[in-house]
file input-v1.txt (compact mmCIF, C-alpha atoms)
# COMPACT_ATOMS: atom_id res chain seq x y z
CA MET A 295 -46.85 28.35 68.25
CA SER A 296 -48.32 28.98 71.68
CA PRO A 297 -46.04 29.82 74.63
CA SER A 298 -46.58 26.34 76.05
CA GLN A 299 -45.20 24.88 72.81
CA ALA A 300 -42.21 27.21 72.56
CA LYS A 301 -38.95 25.47 71.71
CA GLU A 302 -36.17 25.40 74.25
CA GLN A 303 -33.42 27.83 73.27
CA VAL A 304 -29.74 27.04 72.82
CA LEU A 305 -27.18 29.78 72.23
CA LEU A 306 -24.37 28.46 70.02
CA VAL A 307 -21.07 30.36 70.17
CA VAL A 308 -18.68 29.30 67.39
CA THR A 309 -16.27 31.44 65.37
CA GLU A 310 -16.05 29.31 62.22
CA PRO A 311 -19.18 29.82 60.06
CA CYS A 312 -19.19 26.32 58.51
CA VAL A 313 -18.90 24.66 61.94
CA SER A 314 -21.55 26.98 63.38
CA ASP A 315 -23.96 26.23 60.52
CA PHE A 316 -23.41 22.48 60.81
CA LEU A 317 -23.91 22.38 64.59
CA ALA A 318 -26.88 24.78 64.46
CA LYS A 319 -28.66 22.53 61.95
CA CYS A 320 -27.89 19.45 64.04
CA ILE A 321 -29.26 21.07 67.21
CA ALA A 322 -32.33 22.51 65.44
CA ARG A 323 -33.17 19.11 63.89
CA ASN A 324 -33.53 17.84 67.43
CA GLY A 325 -36.24 20.34 68.33
CA TYR A 326 -34.32 23.28 69.77
CA GLU A 327 -34.40 26.93 68.76
CA VAL A 328 -30.80 27.88 67.99
CA ILE A 329 -29.36 31.38 68.31
CA THR A 330 -25.84 31.79 66.94
CA THR A 331 -23.04 34.23 67.76
CA GLU A 332 -19.39 34.32 66.73
CA ASN A 333 -17.62 35.15 69.98
CA GLY A 334 -18.03 35.44 73.73
CA LEU A 335 -18.78 39.16 73.74
CA GLU A 336 -21.62 38.74 71.22
CA ALA A 337 -22.95 35.85 73.31
CA LEU A 338 -22.87 37.94 76.46
CA MET A 339 -24.72 40.80 74.74
CA CYS A 340 -27.30 38.29 73.52
CA CYS A 341 -27.79 37.02 77.08
CA CYS A 342 -28.23 40.57 78.34
CA ASN A 343 -31.01 41.12 75.80
CA GLN A 344 -32.65 37.73 76.24
CA PRO A 345 -31.27 35.23 78.76
CA VAL A 346 -31.09 31.66 77.46
CA PRO A 347 -31.14 28.42 79.44
CA VAL A 348 -28.20 26.75 77.66
CA ILE A 349 -25.06 28.03 75.93
CA VAL A 350 -22.88 25.74 73.81
CA THR A 351 -19.54 27.48 73.32
CA ASP A 352 -16.23 26.98 71.66
CA MET A 353 -13.27 27.82 73.88
CA ASN A 354 -10.82 29.46 71.46
CA MET A 355 -12.43 32.66 70.21
CA PRO A 356 -11.43 36.25 69.55
CA VAL A 357 -12.70 39.19 71.61
CA MET A 358 -13.79 37.08 74.63
CA ASP A 359 -12.68 33.46 74.94
CA GLY A 360 -14.70 30.59 76.34
CA LEU A 361 -13.25 30.70 79.85
CA GLU A 362 -14.03 34.38 80.22
CA LEU A 363 -17.52 33.79 78.82
CA ILE A 364 -18.19 30.93 81.25
CA THR A 365 -16.97 32.99 84.21
CA THR A 366 -19.09 36.00 83.24
CA VAL A 367 -22.20 33.93 82.53
CA LYS A 368 -21.90 32.08 85.85
CA ASN A 369 -21.68 35.44 87.67
CA GLN A 370 -24.35 37.36 85.77
CA PHE A 371 -26.73 34.56 84.72
CA PRO A 372 -26.37 31.80 87.32
CA LEU A 373 -29.35 29.82 85.97
CA THR A 374 -27.79 29.51 82.50
CA LYS A 375 -26.01 26.22 81.87
CA VAL A 376 -22.86 26.17 79.74
CA ILE A 377 -21.46 23.40 77.56
CA ALA A 378 -17.81 23.95 76.53
CA MET A 379 -16.33 22.45 73.35
CA SER A 380 -12.60 22.06 72.71
CA SER A 381 -9.90 19.67 71.59
CA ASP A 382 -7.66 21.06 74.35
CA ASP A 383 -7.89 18.89 77.46
CA MET A 384 -6.50 21.63 79.74
CA LEU A 385 -9.12 24.14 78.58
CA LEU A 386 -11.88 21.60 79.11
CA GLU A 387 -10.57 20.85 82.61
CA LYS A 388 -10.62 24.58 83.45
CA ALA A 389 -14.12 24.92 81.97
CA SER A 390 -15.30 22.00 84.08
CA GLU A 391 -13.78 23.58 87.20
CA LEU A 392 -15.84 26.70 86.41
CA GLY A 393 -19.02 24.60 86.35
CA ALA A 394 -19.45 23.97 82.64
CA SER A 395 -20.31 20.64 81.08
CA ILE A 396 -17.68 19.64 78.55
CA ILE A 397 -17.44 17.87 75.20
CA GLN A 398 -14.26 16.92 73.37
CA LYS A 399 -13.69 17.89 69.74
CA PRO A 400 -14.17 16.51 67.17
CA ILE A 401 -17.84 16.77 68.08
CA ARG A 402 -20.03 13.72 67.65
CA GLN A 403 -23.58 14.86 66.94
CA ASN A 404 -25.25 12.23 69.10
CA GLU A 405 -23.02 13.08 72.08
CA LEU A 406 -23.71 16.81 71.75
CA ILE A 407 -27.47 16.28 71.52
CA ALA A 408 -27.43 13.90 74.50
CA LEU A 409 -25.46 16.46 76.52
CA ILE A 410 -27.91 19.25 75.60
CA GLN A 411 -30.87 17.02 76.48
CA ASN A 412 -29.27 16.09 79.81
CA THR A 413 -28.60 19.75 80.54
CA PHE A 414 -32.27 20.62 80.03
CA THR A 415 -33.37 17.57 82.04
CA SER A 416 -31.08 18.46 84.98
CA GLU A 417 -32.53 21.98 84.87
CA LEU A 418 -35.89 20.49 85.91
CA ASP A 419 -34.46 18.72 88.98

call {"tool": "encode", "arguments": {"input": "input-v1.txt", "output": "structure tokens"}}
result
Amino acid sequence: MSPSQAKEQVLLVVTEPCVSDFLAKCIARNGYEVITTENGLEALMCCCNQPVPVIVTDMNMPVMDGLELITTVKNQFPLTKVIAMSSDDMLLEKASELGASIIQKPIRQNELIALIQNTFTSELD
């Protein structure tokens, strides 16, 4: 694959392996290269090694939670867009206040893909 045909990268940050596998397959089926990590600290280390344009993250995680990840990413990687996933309305409100796009759990595949596509499209504006 030539650089001009490289897939857009999405970093998926989910603690539960079965959920991570399911979402990664869903995102990859829609033409994205998916990198997975299990917590916010791993995601941050991944970004330090290779910045990504979009992070899709769970909010409740060990080591570094979603709010701390969003805050750190916004400070260190301001061009990276973040999509926060949670069933907790208060966490999603806080994530939105920090500049993240949000999606309510349970995740609907078509909504997640549309949100990722919109995130990449808005990046071009």

call {"tool": "closest_residue", "arguments": {"input": "input-v1.txt", "among": "A:Glu387, A:Glu405, A:Glu336, A:Asp382", "to": "Leu306 (chain A)", "atoms": "only C-alpha atoms"}}
result
A:Glu336

call {"tool": "atom_distance", "arguments": {"input": "input-v1.txt", "atom1": "CA of Ala322 (chain A)", "atom2": "CA of Gln411 (chain A)"}}
result
12.4 Å

call {"tool": "atom_distance", "arguments": {"input": "input-v1.txt", "atom1": "CA of Lys319 (chain A)", "atom2": "CA of Pro372 (chain A)"}}
result
27.1 Å

call {"tool": "residues_around", "arguments": {"input": "input-v1.txt", "residues": "Leu386 (chain A)", "least_positions_apart": "4", "cutoff": "10 Å", "atoms": "all atoms listed in the file", "output": "VMD selection string"}}
result
chain A and resid 353 360 to 361 377 to 382 390 to 392 394 to 398

call {"tool": "atom_distance", "arguments": {"input": "input-v1.txt", "atom1": "CA of Leu335 (chain A)", "atom2": "CA of Ile407 (chain A)"}}
result
24.6 Å

call {"tool": "closest_residue", "arguments": {"input": "input-v1.txt", "among": "A:Val307, A:Val350, A:Val357, A:Leu409", "to": "Glu332 (chain A)", "atoms": "all atoms listed in the file"}}
result
A:Val307

call {"tool": "closest_residue", "arguments": {"input": "input-v1.txt", "among": "A:Ala389, A:Ile401, A:Cys341, A:Met358", "to": "Thr374 (chain A)", "atoms": "all atoms listed in the file"}}
result
A:Cys341

call {"tool": "residues_around", "arguments": {"input": "input-v1.txt", "residues": "Gly325 (chain A)", "least_positions_apart": "3", "cutoff": "12 Å", "atoms": "only C-alpha atoms", "output": "PyMOL selection string"}}
result
chain A and resi 299-304+318-322+328+407+410-411

call {"tool": "closest_residue", "arguments": {"input": "input-v1.txt", "among": "A:Met355, A:Leu385, A:Leu305, A:Val313", "to": "Gln403 (chain A)", "atoms": "only C-alpha atoms"}}
result
A:Val313

call {"tool": "closest_residue", "arguments": {"input": "input-v1.txt", "among": "A:Pro356, A:Lys375, A:Gln344, A:Ala337", "to": "Ser416 (chain A)", "atoms": "all atoms listed in the file"}}
result
A:Lys375

call {"tool": "closest_residue", "arguments": {"input": "input-v1.txt", "among": "A:Lys399, A:Tyr326, A:Ser314, A:Asn333", "to": "Asp383 (chain A)", "atoms": "only C-alpha atoms"}}
result
A:Lys399
